[in-house]
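Undergrad: Mind looking over this structure? Questions follow.
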Amino acid sequence: MEDLLERLKTRFEKNMNRHKGLEWDNVQSKLNAAPEKLWSLNEMEKSGGEPDVVGFDEESGKYIFFDCSAESPKGRRSVCYDREALESRKKFKPENSAVDMAAEMGIELLNEDQYRALQELGDFDKKTSSWVQTPADIRRLGGALFCDFRFEHVFLYHNGAESYYAARGFRGSLKV
């Protein structure tokens, strides 16, 4: 995990605009006290997410990490939205779903507000798209939501939850 900590520190120092006023030593102290969170960050890293600190939650006293890769993480693409969608496919099933993968990694899918906040820190998903948390009333009707960044604007779209595309994955968040 020393290699992961070094990569996280380097990314933190290279992208200070994402976490103004925060100090790496404080982040590392939290990480050292939470090995299960380090495991989740390693899973984010291994799948191409390039996790970085994007804020601090005063209420919980935790640092917030988002996937900050330029495009939707490569190791998390070509997935449908959730288990129900995966099981509903009769042919050409993807290997997994975004919700299941996130749960296995110990992270959560970004919601629409988090996705928009991420875009304030840079330009992400200019060629890909990312599933985002979908309200129950939309999901109950078979739909799911995803976002991307085109024409200097964040777009929120809908699709059948069972759909999957090579350029659509998901971004996650983790509090430490």
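Naming scheme: A, B, ... for chains in displayed order of the structure tokens; residues 1 onward per chain; ligands 1 onward as shown.
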Write down as a PyMOL selection string the residues of region 2-43 of chain A whose backbone DSSP state falls under alpha helix (DSSP H).
TA: chain A and resi 2-14+24-32+35-43
Undergrad: For region 31-48 of chain A, work out the shell of residues within 8 Å, counting only C-alpha atoms and skipping chain neighbours fewer than 2 positions away, then give it as a ChimeraX atom specification.
TA: /A:1,4,27-29,50-51,67,69,73-76,105-107,172,174,176
Undergrad: Generate the output file for the selected residues, all heavy atoms, as a short mmCIF file (atom, residue, chain, number, x, y, z; two decimals), in the first residue's frame.
TA:
```cif
data_model
loop_
_atom_site.label_atom_id
_atom_site.label_comp_id
_atom_site.auth_asym_id
_atom_site.auth_seq_id
_atom_site.Cartn_x
_atom_site.Cartn_y
_atom_site.Cartn_z
N MET A 1 0.81 -1.21 0.00
CA MET A 1 0.00 0.00 0.00
C MET A 1 0.85 1.27 0.00
O MET A 1 0.32 2.34 -0.25
CB MET A 1 -0.94 0.00 1.20
CG MET A 1 -2.06 -1.01 1.11
SD MET A 1 -3.18 -0.62 -0.24
CE MET A 1 -4.20 -2.04 -0.24
N LEU A 4 0.62 2.81 -3.37
CA LEU A 4 -0.65 3.52 -3.54
C LEU A 4 -0.59 4.87 -2.84
O LEU A 4 -0.97 5.89 -3.41
CB LEU A 4 -1.82 2.70 -3.01
CG LEU A 4 -3.16 3.42 -2.99
CD1 LEU A 4 -3.61 3.77 -4.41
CD2 LEU A 4 -4.21 2.57 -2.28
N VAL A 27 -4.69 14.06 5.43
CA VAL A 27 -5.34 13.01 4.63
C VAL A 27 -4.67 11.67 4.91
O VAL A 27 -5.34 10.66 5.16
CB VAL A 27 -5.27 13.34 3.12
CG1 VAL A 27 -5.83 12.20 2.29
CG2 VAL A 27 -6.00 14.65 2.81
N GLN A 28 -3.35 11.65 4.89
CA GLN A 28 -2.62 10.40 5.10
C GLN A 28 -2.89 9.83 6.49
O GLN A 28 -3.00 8.61 6.64
CB GLN A 28 -1.13 10.58 4.87
CG GLN A 28 -0.39 9.26 4.94
CD GLN A 28 1.02 9.33 4.39
OE1 GLN A 28 1.42 10.32 3.77
NE2 GLN A 28 1.77 8.27 4.60
N SER A 29 -3.03 10.67 7.48
CA SER A 29 -3.36 10.18 8.83
C SER A 29 -4.69 9.44 8.82
O SER A 29 -4.82 8.37 9.43
CB SER A 29 -3.42 11.33 9.83
OG SER A 29 -2.15 11.88 10.01
N GLU A 50 -8.13 6.85 -10.94
CA GLU A 50 -7.28 7.96 -10.49
C GLU A 50 -7.94 8.76 -9.38
O GLU A 50 -8.17 9.97 -9.50
CB GLU A 50 -6.91 8.87 -11.68
CG GLU A 50 -6.16 8.15 -12.76
CD GLU A 50 -5.82 9.03 -13.96
OE1 GLU A 50 -5.79 10.27 -13.81
OE2 GLU A 50 -5.59 8.47 -15.04
N PRO A 51 -8.25 8.12 -8.25
CA PRO A 51 -8.93 8.82 -7.15
C PRO A 51 -8.09 9.97 -6.58
O PRO A 51 -6.87 9.87 -6.50
CB PRO A 51 -9.14 7.73 -6.10
CG PRO A 51 -8.10 6.71 -6.39
CD PRO A 51 -7.90 6.74 -7.89
N ASP A 67 -13.33 9.66 -8.31
CA ASP A 67 -12.53 9.26 -9.46
C ASP A 67 -12.28 10.50 -10.30
O ASP A 67 -13.22 11.19 -10.68
CB ASP A 67 -13.28 8.24 -10.32
CG ASP A 67 -13.34 6.87 -9.67
OD1 ASP A 67 -12.27 6.33 -9.33
OD2 ASP A 67 -14.45 6.33 -9.53
N SER A 69 -10.11 10.47 -13.15
CA SER A 69 -9.55 10.15 -14.46
C SER A 69 -10.24 11.01 -15.51
O SER A 69 -11.41 11.37 -15.36
CB SER A 69 -9.74 8.66 -14.78
OG SER A 69 -11.10 8.29 -14.66
N PRO A 73 -13.57 5.56 -15.85
CA PRO A 73 -12.52 4.56 -15.63
C PRO A 73 -12.63 3.35 -16.57
O PRO A 73 -13.67 2.71 -16.65
CB PRO A 73 -12.71 4.16 -14.17
CG PRO A 73 -13.29 5.39 -13.54
CD PRO A 73 -14.22 5.95 -14.59
N LYS A 74 -11.55 3.08 -17.26
CA LYS A 74 -11.52 2.05 -18.29
C LYS A 74 -11.91 0.67 -17.76
O LYS A 74 -12.60 -0.09 -18.44
CB LYS A 74 -10.14 2.00 -18.93
CG LYS A 74 -10.11 1.20 -20.19
CD LYS A 74 -8.84 1.42 -20.96
CE LYS A 74 -8.96 0.68 -22.28
NZ LYS A 74 -8.65 1.50 -23.41
N GLY A 75 -11.50 0.34 -16.56
CA GLY A 75 -11.81 -0.96 -15.99
C GLY A 75 -13.23 -1.09 -15.47
O GLY A 75 -13.59 -2.11 -14.87
N ARG A 76 -14.06 -0.05 -15.68
CA ARG A 76 -15.44 -0.07 -15.18
C ARG A 76 -16.44 0.31 -16.28
O ARG A 76 -17.50 0.81 -16.00
CB ARG A 76 -15.58 0.89 -14.01
CG ARG A 76 -14.76 0.48 -12.82
CD ARG A 76 -15.09 1.36 -11.64
NE ARG A 76 -13.86 1.99 -11.19
CZ ARG A 76 -13.80 3.18 -10.63
NH1 ARG A 76 -14.88 3.90 -10.47
NH2 ARG A 76 -12.65 3.67 -10.23
N MET A 105 -16.40 -2.76 -4.47
CA MET A 105 -15.22 -1.93 -4.23
C MET A 105 -15.34 -1.12 -2.94
O MET A 105 -14.37 -0.49 -2.52
CB MET A 105 -15.03 -0.97 -5.41
CG MET A 105 -14.73 -1.66 -6.72
SD MET A 105 -14.83 -0.53 -8.14
CE MET A 105 -13.43 0.52 -7.83
N GLY A 106 -16.53 -1.09 -2.35
CA GLY A 106 -16.73 -0.31 -1.13
C GLY A 106 -16.88 1.18 -1.39
O GLY A 106 -16.57 2.00 -0.53
N ILE A 107 -17.37 1.54 -2.58
CA ILE A 107 -17.57 2.93 -2.94
C ILE A 107 -19.02 3.14 -3.38
O ILE A 107 -19.78 2.18 -3.48
CB ILE A 107 -16.60 3.38 -4.07
CG1 ILE A 107 -16.87 2.61 -5.37
CG2 ILE A 107 -15.16 3.20 -3.61
CD1 ILE A 107 -16.03 3.07 -6.55
N GLY A 172 -16.86 6.82 -8.96
CA GLY A 172 -17.24 6.58 -7.59
C GLY A 172 -16.77 7.65 -6.63
O GLY A 172 -15.93 8.50 -6.96
N LEU A 174 -15.81 8.13 -2.27
CA LEU A 174 -15.45 7.45 -1.02
C LEU A 174 -15.12 8.50 0.02
O LEU A 174 -14.38 9.45 -0.27
CB LEU A 174 -14.24 6.55 -1.25
CG LEU A 174 -13.73 5.78 -0.04
CD1 LEU A 174 -14.70 4.67 0.35
CD2 LEU A 174 -12.35 5.19 -0.33
N VAL A 176 -13.29 9.17 3.66
CA VAL A 176 -12.27 8.59 4.55
C VAL A 176 -12.08 9.52 5.75
O VAL A 176 -11.75 10.67 5.59
CB VAL A 176 -10.93 8.41 3.83
CG1 VAL A 176 -9.89 7.80 4.77
CG2 VAL A 176 -11.09 7.57 2.59
#
```
Undergrad: If you measure from CA of Met101 (chain A) to CA of Lys62 (chain A), what distance in Å do you get, rounded to one decimal?
TA: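 Between CA of Met101 (chain A) and CA of Lys62 (chain A) the gap is 22.9 Å.
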Undergrad: For a quick check of understanding, using only C-alpha atoms, which of A:Phe12, A:Trp131, A:Tyr164, A:Phe151 has the smallest distance to Phe92 (chain A)?
TA: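 Of all the options, A:Tyr164 lies closest to Phe92 (chain A).
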Undergrad: Excluding Phe124 (chain A) and any residue of its chain fewer than 5 positions from it, enumerate the residues within 9 Å of it, using only C-alpha atoms, and give them as a VMD selection string.
TA: chain A and resid 68 to 72 118 to 119 148 to 149
